[in-house]
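Participant: Please read through the structure below; I'll follow up with questions.
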Amino acid sequence: MPLRPLLLPVLAALLAACAGPEPAPAPPAKTIDTTPTSQPLNTLSGSLLGVPAGAEVELALIAVDARQRPDRLLSSLRLKGRGSELPFALKFNPEIFGQGHHVELRGRVTDHGELIMRLPAQTITRGTNQALGPLQVVPAP
């Protein structure tokens, strides 16, 4: 089979492909900022009592406004209940404490997406490493 009749259409296709608009450059890859903050992260540690096995726990360290509504999330942590004392260690940036914000540790316990228990709000007054000890969760209203 002679290749000569196919040569002209193949060359025309190659020329058409080269003559098209230049493709847009790929967006720059996102980089993770690994520069250290001006202060190292501190830790709130303790344990939760009364969390049922298999329940999901979400702890959040938040700045609250004058009406006691969440204003800014500072740190959060998700845990899975074991039916016994549940230790936690929540890392946070202590810089917010020098700005006069009211900061609280709050928690909720869900089972299959339903709120079943909560951690009463714990006021955190210092931006230092703190061991809060055992904290009891209570039934949700």
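We label chains A, B, ... in the order they appear in the structure tokens, count residues from 1 in each chain, and number ligands from 1 in the order shown.
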Residues of segment 42-68 of chain A within 6 Å of segment 101-107 of chain A: nearest atom pair and distance (Å, one decimal) for each, counting only C-alpha atoms, sorted by chain and number, as a Markdown table?
Facilitator:
```
| residue | atom | partner | partner_atom | distance |
| --- | --- | --- | --- | --- |
| A:Glu58 | CA | A:Gly107 | CA | 5.6 |
| A:Leu59 | CA | A:Gly107 | CA | 4.3 |
| A:Ala60 | CA | A:Arg106 | CA | 5.3 |
| A:Leu61 | CA | A:Leu105 | CA | 4.5 |
| A:Ile62 | CA | A:Glu104 | CA | 5.5 |
| A:Ala63 | CA | A:Val103 | CA | 4.4 |
| A:Val64 | CA | A:His102 | CA | 5.7 |
```
Participant: Which is closer to Leu79 of chain A than all the others in A:Ala140, A:Ala66, A:Leu48, A:Ile96, using only C-alpha atoms?
Facilitator: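 Result for the nearest residue to Leu79 of chain A: A:Leu48.
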Participant: Would you mind telling me which residue in A:Ser75, A:Thr110, A:Asn93, A:Gln68 lies nearest to Ala53 of chain A when using only C-alpha atoms?
Facilitator: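 Looking only at the distances to Ala53 of chain A, the closest residue turns out to be A:Thr110.
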Participant: Hey, what's within 10 Å of Ala89 of chain A if we count only C-alpha atoms and toss same-chain stuff fewer than 3 positions away? As a VMD selection string, please?
Facilitator: chain A and resid 42 to 47 59 77 92 130 to 131
